[in-house]
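Chemist: What follows is a single structure, and I will ask about it in a moment.
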Amino acid sequence: TLLRIAQEALANTERHSGAARAGVTLSYMGDEITLDVRDDGHGFDPAAVPARGRSGGFGLDGMRVRAERLAGRLTLEAEPGHGTAISARVPLARHD
């Protein structure tokens, strides 16, 4: 799930951001794993994101759904002129 979210986030960075740099961090934090994808692109207004079109892209909604299927969550920080940061957190599976 996190691999697919990272792929989509990086594809969005390449297609839309105009970024010179992007970074990916995967962190183990006790009972969850966190994926962060950040870029230094031109950013955008998250409230102005159009509905998924016919381009076939997975998009932000799809990334959110993937995380939620594992009882996780996806957060987005973006602002015009200030890059974009996507964070996906999913709980670790317990094997009791």
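Scheme for the structure tokens: letters A, B, ... for chains in order shown; per-chain residue numbers from 1; ligand numbers from 1 in order shown.
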Give me the residues near Ala6 (chain A) as a VMD selection string, where near means some atom within 10 Å (using only C-alpha atoms) and where sequence neighbours in that chain fewer than 6 positions away do not count.

Modeler: chain A and resid 12 24 to 26 35 to 37 63 86 to 88

Chemist: So that I can see what lies close to Ala71 (chain A), please list as a VMD selection string the residues with an atom at most 10 Å from it, counting only C-alpha atoms and leaving out residues fewer than 5 positions away in the same chain.

Modeler: chain A and resid 65 to 66 89 to 92

Chemist: Go ahead and write the selection's residues with N, CA, C and O atoms as a short mmCIF file (atom, residue, chain, number, x, y, z; two decimals), in the first residue's frame.

Modeler:
```
data_model
loop_
_atom_site.label_atom_id
_atom_site.label_comp_id
_atom_site.auth_asym_id
_atom_site.auth_seq_id
_atom_site.Cartn_x
_atom_site.Cartn_y
_atom_site.Cartn_z
N VAL A 65 -7.88 6.50 0.09
CA VAL A 65 -8.63 5.25 0.21
C VAL A 65 -7.70 4.09 0.50
O VAL A 65 -7.99 3.23 1.35
N ARG A 66 -6.56 4.04 -0.18
CA ARG A 66 -5.59 2.96 0.08
C ARG A 66 -5.15 2.94 1.53
O ARG A 66 -5.09 1.90 2.17
N ARG A 89 0.11 7.30 7.04
CA ARG A 89 0.42 6.53 8.24
C ARG A 89 -0.47 5.30 8.28
O ARG A 89 -1.68 5.42 8.11
N VAL A 90 0.16 4.15 8.49
CA VAL A 90 -0.61 2.92 8.61
C VAL A 90 -0.13 2.16 9.84
O VAL A 90 1.07 2.13 10.13
N PRO A 91 -1.06 1.55 10.56
CA PRO A 91 -0.65 0.78 11.74
C PRO A 91 0.05 -0.50 11.32
O PRO A 91 -0.22 -1.06 10.27
N LEU A 92 0.96 -0.94 12.18
CA LEU A 92 1.62 -2.23 11.94
C LEU A 92 0.63 -3.34 12.28
O LEU A 92 -0.16 -3.22 13.21
#
```

Chemist: Near Glu79 (chain A), within 9 Å and counting only C-alpha atoms, which residues show up once chain neighbours fewer than 2 positions away are dropped, as a PyMOL selection string?

Modeler: chain A and resi 42-46+77+81-84

Chemist: DSSP on the backbone: which residues in region 13-94 of chain A end up as helix (DSSP H, G or I)? Give the answer as a list in words.

Modeler: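 Taking region 13-94 of chain A and keeping helix (DSSP H, G or I) only, one gets Thr13, Glu14, Arg15, His16, Ser17, Pro46, Ala47, Ala48, Gly59, Leu60, Asp61, Gly62, Met63, Arg64, Val65, Arg66, Ala67, Glu68 and Arg69 of chain A.
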
Chemist: From region 19-91 of chain A, collect each residue whose DSSP state is strand (DSSP E) and return the set as a PyMOL selection string.

Modeler: chain A and resi 22-29+32-39+73-78+84-91

Chemist: Could those residues be written to a file, using N, CA, C and O atoms, as a short mmCIF file (atom, residue, chain, number, x, y, z; two decimals), in the first residue's frame?

Modeler:
```
data_model
loop_
_atom_site.label_atom_id
_atom_site.label_comp_id
_atom_site.auth_asym_id
_atom_site.auth_seq_id
_atom_site.Cartn_x
_atom_site.Cartn_y
_atom_site.Cartn_z
N ALA A 22 12.59 16.22 -4.80
CA ALA A 22 11.55 15.53 -4.03
C ALA A 22 12.26 14.58 -3.08
O ALA A 22 13.34 14.07 -3.39
N GLY A 23 11.66 14.37 -1.93
CA GLY A 23 12.25 13.46 -0.96
C GLY A 23 11.21 12.47 -0.46
O GLY A 23 10.03 12.81 -0.34
N VAL A 24 11.67 11.26 -0.19
CA VAL A 24 10.80 10.21 0.32
C VAL A 24 11.43 9.67 1.61
O VAL A 24 12.61 9.37 1.63
N THR A 25 10.63 9.60 2.65
CA THR A 25 11.09 9.06 3.93
C THR A 25 10.11 8.01 4.40
O THR A 25 8.89 8.24 4.38
N LEU A 26 10.62 6.87 4.83
CA LEU A 26 9.81 5.81 5.41
C LEU A 26 10.30 5.63 6.84
O LEU A 26 11.48 5.37 7.07
N SER A 27 9.39 5.77 7.80
CA SER A 27 9.77 5.74 9.21
C SER A 27 8.94 4.72 9.97
O SER A 27 7.73 4.64 9.79
N TYR A 28 9.62 3.97 10.81
CA TYR A 28 8.97 3.05 11.73
C TYR A 28 8.84 3.78 13.06
O TYR A 28 9.84 4.23 13.62
N MET A 29 7.62 3.92 13.55
CA MET A 29 7.38 4.69 14.76
C MET A 29 6.53 3.88 15.72
O MET A 29 5.35 4.15 15.89
N GLU A 32 3.27 2.09 14.17
CA GLU A 32 2.86 2.48 12.83
C GLU A 32 4.07 2.76 11.94
O GLU A 32 5.18 2.96 12.43
N ILE A 33 3.80 2.75 10.65
CA ILE A 33 4.81 3.11 9.65
C ILE A 33 4.31 4.37 8.96
O ILE A 33 3.13 4.47 8.60
N THR A 34 5.22 5.32 8.77
CA THR A 34 4.87 6.58 8.13
C THR A 34 5.68 6.77 6.87
O THR A 34 6.90 6.59 6.87
N LEU A 35 4.99 7.12 5.80
CA LEU A 35 5.61 7.47 4.53
C LEU A 35 5.41 8.96 4.32
O LEU A 35 4.28 9.45 4.40
N ASP A 36 6.49 9.69 4.08
CA ASP A 36 6.40 11.11 3.76
C ASP A 36 7.01 11.35 2.39
O ASP A 36 8.12 10.88 2.12
N VAL A 37 6.29 12.08 1.55
CA VAL A 37 6.79 12.48 0.24
C VAL A 37 6.64 13.99 0.17
O VAL A 37 5.53 14.52 0.31
N ARG A 38 7.77 14.68 -0.02
CA ARG A 38 7.77 16.14 -0.05
C ARG A 38 8.46 16.62 -1.33
O ARG A 38 9.41 15.98 -1.79
N ASP A 39 8.00 17.74 -1.85
CA ASP A 39 8.67 18.33 -3.00
C ASP A 39 8.79 19.84 -2.82
O ASP A 39 8.12 20.42 -1.97
N ARG A 73 -4.23 6.68 7.61
CA ARG A 73 -4.73 7.98 7.18
C ARG A 73 -3.68 8.66 6.29
O ARG A 73 -2.49 8.38 6.38
N LEU A 74 -4.17 9.55 5.47
CA LEU A 74 -3.31 10.31 4.58
C LEU A 74 -3.55 11.79 4.86
O LEU A 74 -4.70 12.21 4.96
N THR A 75 -2.48 12.54 5.02
CA THR A 75 -2.61 13.98 5.20
C THR A 75 -1.83 14.69 4.10
O THR A 75 -0.84 14.16 3.58
N LEU A 76 -2.29 15.86 3.77
CA LEU A 76 -1.72 16.65 2.69
C LEU A 76 -1.47 18.06 3.20
O LEU A 76 -2.34 18.66 3.82
N GLU A 77 -0.27 18.55 2.92
CA GLU A 77 0.05 19.95 3.19
C GLU A 77 0.52 20.55 1.88
O GLU A 77 1.49 20.08 1.29
N ALA A 78 -0.19 21.55 1.42
CA ALA A 78 0.19 22.21 0.18
C ALA A 78 -0.31 23.65 0.23
O ALA A 78 -1.34 23.94 0.84
N THR A 84 4.70 20.73 -1.77
CA THR A 84 3.65 19.81 -1.31
C THR A 84 4.27 18.74 -0.43
O THR A 84 5.38 18.28 -0.69
N ALA A 85 3.53 18.34 0.59
CA ALA A 85 3.95 17.24 1.47
C ALA A 85 2.76 16.32 1.67
O ALA A 85 1.67 16.77 2.03
N ILE A 86 2.98 15.04 1.43
CA ILE A 86 1.97 14.01 1.65
C ILE A 86 2.52 13.06 2.70
O ILE A 86 3.67 12.63 2.61
N SER A 87 1.70 12.74 3.68
CA SER A 87 2.10 11.81 4.72
C SER A 87 1.04 10.72 4.83
O SER A 87 -0.14 11.02 4.97
N ALA A 88 1.48 9.48 4.74
CA ALA A 88 0.58 8.33 4.91
C ALA A 88 1.04 7.55 6.13
O ALA A 88 2.22 7.22 6.23
N ARG A 89 0.11 7.30 7.04
CA ARG A 89 0.42 6.53 8.24
C ARG A 89 -0.47 5.30 8.28
O ARG A 89 -1.68 5.42 8.11
N VAL A 90 0.16 4.15 8.49
CA VAL A 90 -0.61 2.92 8.61
C VAL A 90 -0.13 2.16 9.84
O VAL A 90 1.07 2.13 10.13
N PRO A 91 -1.06 1.55 10.56
CA PRO A 91 -0.65 0.78 11.74
C PRO A 91 0.05 -0.50 11.32
O PRO A 91 -0.22 -1.06 10.27
#
```

Chemist: One decimal, Å: what's the distance from CA of Pro80 (chain A) over to CA of Leu2 (chain A), could you say?

Modeler: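 So the answer is 25.8 Å.
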
Chemist: Calculated over only C-alpha atoms, which of the candidates A:Val49, A:Arg69, A:Gly59, A:Gly41 has the smallest distance to Thr13 (chain A)?

Modeler: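 Residue with the minimum atom-to-atom distance to Thr13 (chain A): A:Gly41.
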
Chemist: Can you tell me how far CA of Ala19 (chain A) sits from CA of Ile5 (chain A), in Å to one decimal?

Modeler: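 If I compute the distance from CA of Ala19 (chain A) to CA of Ile5 (chain A), I get 18.3 Å.
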